[in-house]
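With compact mmCIF, C-alpha atoms and all ligand atoms inside, this is final_8.txt:
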# COMPACT_ATOMS: atom_id res chain seq x y z
CA MET G 201 0.00 0.00 0.00
CA ASP G 202 2.90 2.36 0.74
CA SER G 203 4.25 2.08 -2.79
CA ASN G 204 0.82 3.19 -4.00
CA LYS G 205 1.15 6.22 -1.74
CA LYS G 206 4.38 7.21 -3.44
CA PHE G 207 2.75 7.15 -6.86
CA LEU G 208 -0.40 8.86 -5.64
CA ASN G 209 1.54 11.95 -4.57
CA GLY G 210 1.68 13.47 -8.01
CA THR G 211 -1.50 12.03 -9.44
CA LEU G 212 -4.16 12.31 -6.74
CA ASN G 213 -5.30 15.75 -7.95
CA THR G 214 -6.01 14.38 -11.38
CA ILE G 215 -7.63 11.19 -10.14
CA VAL G 216 -10.03 13.23 -8.00
CA LEU G 217 -10.81 15.55 -10.90
CA ALA G 218 -11.53 12.60 -13.19
CA LEU G 219 -13.82 10.93 -10.64
CA LEU G 220 -15.77 14.12 -10.13
CA ARG G 221 -16.01 14.85 -13.83
CA ASP G 222 -17.39 11.37 -14.54
CA ASN G 223 -19.61 10.92 -11.49
CA GLY G 224 -21.03 14.39 -10.99
CA ARG G 225 -21.09 15.66 -7.42
CA MET G 226 -19.44 13.52 -4.78
CA TYR G 227 -18.53 13.85 -1.11
CA GLY G 228 -15.19 12.94 0.44
CA TYR G 229 -16.08 9.56 1.86
CA GLU G 230 -17.81 8.60 -1.38
CA ILE G 231 -14.60 9.33 -3.32
CA CYS G 232 -12.61 7.11 -0.93
CA GLN G 233 -15.12 4.28 -1.30
CA LYS G 234 -15.36 4.60 -5.06
CA THR G 235 -11.57 4.47 -5.38
CA LYS G 236 -11.41 1.44 -3.12
CA GLU G 237 -14.09 -0.42 -5.07
CA ALA G 238 -12.74 0.49 -8.49
CA THR G 239 -9.24 -0.68 -7.59
CA ASN G 240 -10.29 -3.83 -5.76
CA ASN G 241 -9.13 -2.45 -2.38
CA GLN G 242 -5.70 -1.72 -3.85
CA ILE G 243 -5.91 2.03 -3.39
CA ASN G 244 -7.12 3.22 -0.04
CA LEU G 245 -7.28 7.00 0.16
CA THR G 246 -6.78 8.30 3.68
CA GLU G 247 -8.57 11.32 5.10
CA GLY G 248 -5.19 13.04 5.25
CA ALA G 249 -4.82 12.59 1.50
CA ILE G 250 -8.28 13.23 0.13
CA TYR G 251 -9.46 16.28 2.08
CA PRO G 252 -6.39 18.50 1.64
CA THR G 253 -6.54 17.64 -2.07
CA LEU G 254 -10.21 18.58 -2.34
CA HIS G 255 -9.64 21.78 -0.40
CA ARG G 256 -6.70 22.76 -2.56
CA LEU G 257 -8.56 22.09 -5.82
CA GLU G 258 -11.46 24.14 -4.50
CA LYS G 259 -9.12 26.98 -3.61
CA GLU G 260 -7.60 26.83 -7.07
CA GLY G 261 -11.08 27.14 -8.56
CA LEU G 262 -11.15 23.79 -10.36
CA LEU G 263 -13.86 22.55 -7.98
CA PHE G 264 -16.67 24.18 -6.09
CA SER G 265 -18.69 22.80 -3.21
CA THR G 266 -22.26 22.80 -1.96
CA LYS G 267 -23.63 21.73 1.38
CA GLU G 268 -26.66 19.59 2.07
CA LYS G 269 -28.38 18.14 5.10
CA VAL G 270 -28.15 14.33 5.10
CA ASN G 271 -29.22 12.13 8.05
CA GLY G 272 -29.45 15.23 10.22
CA ARG G 273 -25.93 16.41 9.53
CA VAL G 274 -24.22 18.60 6.97
CA ARG G 275 -22.55 16.97 3.98
CA LYS G 276 -20.18 18.81 1.67
CA TYR G 277 -20.42 17.87 -2.00
CA TYR G 278 -17.79 18.73 -4.59
CA HIS G 279 -18.41 19.50 -8.25
CA VAL G 280 -16.14 20.27 -11.17
CA ASN G 281 -16.30 23.93 -12.00
CA GLN G 282 -17.60 24.02 -15.58
CA SER G 283 -15.64 27.17 -16.32
CA SER G 284 -12.47 25.15 -15.65
CA ILE G 285 -13.56 22.05 -17.53
CA LYS G 286 -11.00 22.59 -20.29
CA GLU G 287 -8.14 22.68 -17.83
CA VAL G 288 -9.58 19.67 -16.00
CA ASN G 289 -9.84 17.70 -19.24
CA SER G 290 -6.33 18.55 -20.31
CA GLN G 291 -4.92 17.51 -16.91
CA ILE G 292 -6.73 14.18 -17.14
CA ASN G 293 -5.60 13.61 -20.72
CA LEU G 294 -1.99 14.41 -19.86
CA LEU G 295 -2.01 11.86 -17.04
CA ALA G 296 -3.70 9.23 -19.22
CA GLN G 297 -1.04 9.81 -21.85
CA PHE G 298 1.70 9.57 -19.25
CA VAL G 299 0.29 6.31 -17.91
CA GLY G 300 0.19 4.98 -21.50
CA ASN G 301 3.84 5.87 -21.94
CA LEU G 302 4.74 4.23 -18.65
CA ARG G 303 2.99 1.07 -19.71
CA THR G 304 5.01 0.95 -22.91
CA LEU G 305 8.24 1.57 -21.05
CA LEU G 306 7.58 -0.96 -18.32
CA LYS G 307 6.21 -3.67 -20.58
CA PRO G 308 9.51 -5.51 -21.22
CA SER G 309 10.04 -6.16 -17.53
CA LEU G 310 6.48 -7.23 -16.81
CA MET U 46 -26.08 3.57 18.73
CA ASN U 47 -26.99 6.96 20.12
CA SER U 48 -26.28 8.94 16.96
CA ASP U 49 -26.37 12.43 18.51
CA HIS U 50 -23.91 11.35 21.16
CA THR U 51 -21.65 9.76 18.54
CA THR U 52 -21.79 12.89 16.37
CA ASN U 53 -20.80 15.13 19.26
CA ARG U 54 -18.06 12.78 20.41
CA ILE U 55 -16.55 12.66 16.92
CA SER U 56 -16.54 16.45 16.66
CA ASP U 57 -14.97 16.70 20.13
CA LEU U 58 -12.27 14.18 19.25
CA LEU U 59 -11.49 16.04 16.03
CA ARG U 60 -11.07 19.28 17.93
CA LEU U 61 -8.86 17.46 20.43
CA ALA U 62 -6.82 16.12 17.53
CA GLY U 63 -6.10 19.74 16.58
CA PHE U 64 -8.72 20.55 13.96
CA LYS U 65 -9.67 24.14 14.53
CA ASP U 66 -11.59 25.00 11.37
CA LYS U 67 -15.33 24.57 11.90
CA HIS U 68 -15.96 23.48 8.30
CA THR U 69 -13.24 20.84 8.38
CA VAL U 70 -14.62 19.43 11.64
CA GLU U 71 -18.09 19.33 10.08
CA GLU U 72 -16.81 17.62 6.94
CA LEU U 73 -14.71 15.05 8.78
CA THR U 74 -17.58 14.33 11.19
CA ASP U 75 -19.72 13.44 8.16
CA HIS U 76 -16.83 11.33 6.85
CA TYR U 77 -16.57 9.25 10.02
CA LEU U 78 -20.33 8.92 10.46
CA SER U 79 -20.57 7.73 6.84
CA HIS U 80 -17.82 5.24 7.61
CA ILE U 81 -19.63 3.92 10.70
CA GLU U 82 -22.88 3.63 8.72
CA ASN U 83 -21.06 1.77 5.97
CA GLU U 84 -19.38 -0.63 8.41
CA VAL U 85 -22.73 -1.37 10.07
CA LYS U 86 -24.23 -1.99 6.64
CA LEU U 87 -21.43 -4.49 6.01
CA GLY U 88 -22.40 -6.31 9.21
CA VAL U 89 -19.93 -4.90 11.73
CA ASN U 90 -21.30 -4.49 15.24
CA SER U 91 -22.19 -0.82 15.61
CA GLN U 92 -20.45 -0.37 18.95
CA GLN U 93 -17.31 -1.88 17.53
CA ALA U 94 -17.51 0.34 14.46
CA VAL U 95 -17.86 3.40 16.69
CA ARG U 96 -14.97 2.33 18.90
CA GLU U 97 -12.65 1.68 15.97
CA THR U 98 -13.58 4.98 14.39
CA PHE U 99 -12.79 6.84 17.63
CA GLN U 100 -9.40 5.14 17.60
CA ASP U 101 -8.81 6.20 13.99
CA ILE U 102 -9.57 9.80 14.89
CA ALA U 103 -7.26 9.68 17.90
CA ASN U 104 -4.47 8.57 15.56
CA LEU U 105 -5.09 11.37 13.05
CA ASP U 106 -2.33 13.85 12.34
CA SER U 107 -4.07 17.18 11.83
CA SER U 108 -0.92 18.79 10.41
CA GLN U 109 -1.42 16.71 7.25
CA PHE U 110 -4.61 18.62 6.53
CA LYS U 111 -3.07 22.04 6.08
CA VAL U 112 -3.46 23.19 2.49
CA LYS U 113 -0.16 24.56 1.28
CA LYS U 114 -0.50 27.65 -0.81
CA ASN U 115 1.60 27.91 -3.94
CA LEU U 116 3.28 31.27 -3.83
CA PRO U 117 3.65 33.16 -7.14
CA ALA U 118 7.25 33.80 -8.25
CA ASN U 119 7.39 37.48 -7.24
CA ARG U 120 6.25 36.53 -3.74
CA TRP U 121 9.13 34.07 -3.55
CA ILE U 122 11.61 36.86 -4.26
CA LEU U 123 10.07 39.03 -1.55
CA LEU U 124 10.21 36.09 0.83
CA CYS U 125 13.90 35.52 0.10
CA VAL U 126 14.70 39.19 0.75
CA PHE U 127 12.77 39.03 3.97
CA LEU U 128 14.58 35.87 5.03
CA LEU U 129 18.00 37.37 4.27
CA THR U 130 17.32 40.52 6.28
CA THR U 131 16.12 38.54 9.26
CA LEU U 132 18.92 36.00 9.06
CA GLY U 133 21.30 38.10 11.18
CA PHE U 134 18.68 38.40 13.85
CA PHE U 135 18.13 34.67 13.95
CA PHE U 136 21.85 34.04 13.90
CA LEU U 137 22.27 36.01 17.12
CA GLN U 138 19.40 34.17 18.69
CA SER U 139 20.27 30.80 17.25
CA ASN U 140 20.75 29.09 20.60
CA SER U 141 17.39 29.99 22.01
CA THR U 142 15.73 29.33 18.65
CA LYS U 143 17.19 25.86 18.57
CA GLU U 144 15.74 25.12 21.95
CA LYS U 145 12.36 26.36 20.86
CA LEU U 146 12.45 24.26 17.72
CA ASN U 147 13.28 21.19 19.73
CA THR U 148 10.24 21.46 21.95
CA PRO U 149 7.37 19.46 20.50
CA SER U 150 4.67 21.29 18.59
CA ASN U 151 1.89 22.55 20.81
CA THR U 152 -0.83 20.02 21.15
CA PRO U 153 -4.21 21.59 21.82
CA THR U 154 -5.23 21.77 25.46
CA PRO U 155 -7.79 19.04 25.94
CA LEU U 156 -10.56 21.31 27.14
CA ALA U 157 -13.13 18.55 27.34
CA LEU U 158 -10.84 16.66 29.67
CA GLN U 159 -10.19 19.52 32.05
CA ILE U 160 -13.73 19.78 33.34
CA ASN U 161 -13.32 16.42 35.07
CA ASN U 162 -12.52 16.98 38.71
CA GLU U 163 -9.35 14.97 39.19
CA PRO U 164 -7.69 13.33 36.20
CA PRO U 165 -4.40 11.53 36.87
CA ASN U 166 -1.67 14.16 37.09
CA GLY U 167 1.88 14.76 38.16
CA ALA U 168 5.07 12.82 37.54
CA PRO U 169 4.78 9.03 37.41
CA ILE U 170 8.24 8.43 38.89
CA LEU U 171 10.03 9.72 41.99
CA GLN U 172 12.69 11.81 40.37
CA ASN U 173 13.44 15.55 40.42
CA THR U 174 13.52 16.13 36.69
CA LEU U 175 11.85 14.10 33.99
CA ASP U 176 13.99 13.14 31.03
CA ILE U 177 11.42 12.52 28.31
CA THR U 178 13.15 10.65 25.50
CA SER U 179 10.12 10.04 23.31
CA ASP U 180 7.01 12.14 22.99
CA PHE U 181 3.39 11.26 22.48
CA GLY U 182 2.21 11.17 18.87
CA MET U 183 3.74 10.18 15.55
CA ARG U 184 7.31 8.98 15.74
CA MET U 185 9.81 6.69 14.08
CA HIS U 186 9.85 3.37 15.90
CA PRO U 187 13.41 2.63 17.14
CA TYR U 188 13.19 -1.03 16.11
CA THR U 189 10.89 -1.29 13.12
CA LYS U 190 11.74 2.17 11.65
CA SER U 191 8.11 2.58 10.68
CA ARG U 192 6.13 5.71 11.46
CA LYS U 193 3.88 4.84 14.32
CA HIS U 194 1.61 6.59 16.74
CA HIS U 195 3.29 6.58 20.15
CA ARG U 196 0.49 6.09 22.65
CA GLY U 197 2.41 7.52 25.59
CA ILE U 198 5.70 9.12 26.62
CA ASP U 199 9.01 7.49 27.47
CA ILE U 200 10.82 8.74 30.56
CA ARG U 201 14.44 7.74 30.99
CA ALA U 202 15.33 6.67 34.53
CA LYS U 203 17.66 4.28 36.33
CA ILE U 204 16.50 0.74 36.96
CA GLY U 205 14.85 0.67 40.36
CA THR U 206 13.53 4.26 40.33
CA PRO U 207 10.17 4.16 42.14
CA VAL U 208 7.10 4.39 39.90
CA ILE U 209 4.09 6.05 41.54
CA ALA U 210 0.37 6.20 40.85
CA THR U 211 -0.64 9.54 39.32
CA GLY U 212 -4.18 9.33 40.64
CA THR U 213 -6.36 7.42 43.04
CA GLY U 214 -7.82 4.31 41.50
CA LYS U 215 -7.83 0.57 41.22
CA VAL U 216 -5.26 -1.76 39.66
CA ILE U 217 -7.14 -3.59 36.92
CA GLU U 218 -4.27 -5.49 35.36
CA THR U 219 -0.66 -6.43 36.03
CA GLY U 220 1.52 -8.96 34.31
CA PHE U 221 4.15 -9.57 31.68
CA LYS U 222 3.78 -9.39 27.91
CA LYS U 223 6.35 -9.49 25.15
CA LYS U 224 6.16 -5.82 24.14
CA PRO U 225 5.24 -3.96 27.36
CA GLY U 226 7.32 -6.25 29.58
CA LYS U 227 6.20 -6.05 33.21
CA TYR U 228 3.23 -3.69 33.22
CA ILE U 229 0.54 -2.18 35.43
CA ILE U 230 -2.82 -0.75 34.34
CA ILE U 231 -4.77 1.45 36.74
CA GLN U 232 -8.34 2.61 36.34
CA HIS U 233 -9.30 6.04 37.68
CA GLU U 234 -12.49 8.09 37.95
CA GLU U 235 -14.12 9.75 34.92
CA GLY U 236 -12.97 7.16 32.39
CA PHE U 237 -9.24 7.68 32.89
CA THR U 238 -6.76 4.81 32.73
CA THR U 239 -2.99 4.93 33.22
CA LYS U 240 -0.48 2.36 31.96
CA PHE U 241 3.10 1.75 33.08
CA TYR U 242 5.40 -0.44 30.94
CA HIS U 243 8.90 -1.97 30.99
CA LEU U 244 9.01 -2.26 34.81
CA SER U 245 11.57 -4.26 36.76
CA GLU U 246 9.24 -4.77 39.71
CA ILE U 247 5.50 -4.70 40.29
CA ALA U 248 4.54 -3.73 43.84
CA VAL U 249 0.74 -3.92 43.58
CA GLU U 250 -1.80 -6.62 42.90
CA GLU U 251 -4.78 -6.79 40.60
CA ASN U 252 -7.95 -5.29 42.13
CA GLU U 253 -5.91 -3.39 44.70
CA GLU U 254 -7.23 0.08 45.53
CA ILE U 255 -4.41 2.59 45.41
CA LYS U 256 -3.86 6.23 46.32
CA LYS U 257 -2.23 8.96 44.29
CA GLY U 258 1.51 9.01 44.98
CA GLN U 259 1.65 5.42 46.14
CA ILE U 260 4.67 3.44 44.91
CA ILE U 261 3.37 0.80 42.52
CA GLY U 262 6.58 -0.57 41.06
CA LYS U 263 10.09 0.15 39.82
CA VAL U 264 11.52 1.35 36.52
CA GLY U 265 13.11 -1.40 34.45
CA ASN U 266 14.08 -2.50 30.98
CA SER U 267 11.68 -5.38 30.45
CA GLY U 268 9.84 -6.13 27.21
CA LEU U 269 10.58 -4.31 23.96
CA SER U 270 12.82 -1.66 25.45
CA MET U 271 16.28 -0.49 24.39
CA MET U 272 17.31 1.19 27.65
CA PRO U 273 15.91 1.52 31.16
CA HIS U 274 12.85 3.77 30.95
CA LEU U 275 9.21 4.07 31.87
CA HIS U 276 6.62 4.08 29.11
CA TYR U 277 3.67 5.99 30.56
CA GLU U 278 0.21 6.28 29.03
CA ILE U 279 -2.92 8.10 30.02
CA LEU U 280 -6.16 7.10 28.32
CA LYS U 281 -9.49 8.89 28.46
CA ASP U 282 -12.39 6.63 27.47
CA GLU U 283 -9.89 4.14 25.97
CA ILE U 284 -8.27 6.79 23.79
CA PRO U 285 -4.65 7.76 24.49
CA VAL U 286 -4.14 11.41 25.38
CA ASN U 287 -0.84 13.27 25.68
CA PRO U 288 0.52 12.55 29.20
CA LYS U 289 2.68 15.67 28.95
CA GLU U 290 -0.46 17.74 29.38
CA TYR U 291 -0.94 16.10 32.75
CA LEU U 292 2.58 16.15 34.16
CA GLU U 293 2.07 19.41 36.04
CA PRO U 294 -0.16 18.78 39.06
ZN ZN J 401 6.99 4.18 24.80

Output the structure of this file as structure tokens.
Amino acid sequence: MDSNKKFLNGTLNTIVLALLRDNGRMYGYEICQKTKEATNNQINLTEGAIYPTLHRLEKEGLLFSTKEKVNGRVRKYYHVNQSSIKEVNSQINLLAQFVGNLRTLLKPSL
Amino acid sequence: MNSDHTTNRISDLLRLAGFKDKHTVEELTDHYLSHIENEVKLGVNSQQAVRETFQDIANLDSSQFKVKKNLPANRWILLCVFLLTTLGFFFLQSNSTKEKLNTPSNTPTPLALQINNEPPNGAPILQNTLDITSDFGMRMHPYTKSRKHHRGIDIRAKIGTPVIATGTGKVIETGFKKKPGKYIIIQHEEGFTTKFYHLSEIAVEENEEIKKGQIIGKVGNSGLSMMPHLHYEILKDEIPVNPKEYLEP
């Protein structure tokens, strides 16, 4: 799991953006669960990873948030800011491209 | 599960863990309640889910949650100029600065814990000055080299130094285990528990009622210990709190 953490450092922003772009609004815990399910429990996002990332992306204007009452408590939902969708898309595409390149490079040793 | 009680307890624990921003506390409270609900849905006993979640929160490192701002280039230049002009000042004061930097970062005062009339307090050994060699909180484990939450403090002392009870209470457990070595666990009022590890001698028995200041054993080097010291823990409702906050009577 720790090796995952090392790789997540530079890519978590983009992963979060991609999840939000494709799933609409999501809240923090939902993002953690979704990631866990999609990766077969391989990637387990901690609170210390996901929330600072969400807060930073919100500060940078790529995301915005809304609050809702759920089960008697407040839940914060995040959405991709449509005015930044171009930048979001290009970030996601760049990472996808990079991952493709990595795959090609690593293939011989696999 | 009393959900209101759980909600409040989670928020309290988050504040104790150092989260000051109201919105972050609110968001993380929802996170942990969602987690408990999910665990229960998966068939975990709700009390167990709550207990484990409390433990998770107690182990949180709130400093990880600070959002670092990216400074624009011109700000960096200003910052460098500022640093250079203040360097001389710091150079003169370097000794005192070093001392300040070495003291552990301020943990928030556990307000919720102070309203209780008499939590365990004072030094756990009979010695003039306490040589604390390892603080409460995240640290590098001396053996395994992994980052781990240290549930108490380590106080260096000679083998045989008397260990005393820091509050009135009842001995609920004594014995020997591989990691703690010879150990004593004392239960106090208001949900407080104290633990003493690596002893060379145990001077009390299970179920014995003891008074604050009573000698309960002697410092040793038993269990997973690299040098003679006392590992001392204070727990409030099963959750470790920083004993340093309680060393002053
Ligand atoms: Zn220790």

Test item: chain U residues at most 9 Å from chain G, counting only C-alpha atoms, as a PyMOL selection string: chain U and resi 52+69+71-77+79-80+105-114

Atom CA of U:Lys256 and atom CA of U:Leu275, how far apart in Å?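 Taking atom CA of U:Leu275 and atom CA of U:Lys256, their separation equals 19.6 Å.
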
Return as a Markdown table the residues of chain U lying at most 6 Å from ligand ZN 401 (chain J), together with the closest atom-to-atom pair for each and the distance in Å to one decimal, counting all atoms listed in the file, with rows in chain order and ascending residue number.
| residue | atom | partner | partner_atom | distance |
| --- | --- | --- | --- | --- |
| U:Gly197 | CA | J:ZN401 | ZN | 5.7 |
| U:Ile198 | CA | J:ZN401 | ZN | 5.4 |
| U:Asp199 | CA | J:ZN401 | ZN | 4.7 |
| U:His276 | CA | J:ZN401 | ZN | 4.3 |

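Straight-line separation from atom CA of U:Thr239 to atom CA of U:Val208: 12.1 Å.
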
For a test of reading the model, state the distance in Å between atom CA of U:Val89 and atom CA of U:Asp101, rounded to one decimal. 15.9 Å

Just the residues within 12 Å of U:Glu278, please, counting all atoms listed in the file, with nothing from its chain fewer than 3 positions along; format it as a PyMOL selection string. chain U and resi 165-166+168-169+180-182+195-200+210-211+225+228-232+237-242+275+281+283-292
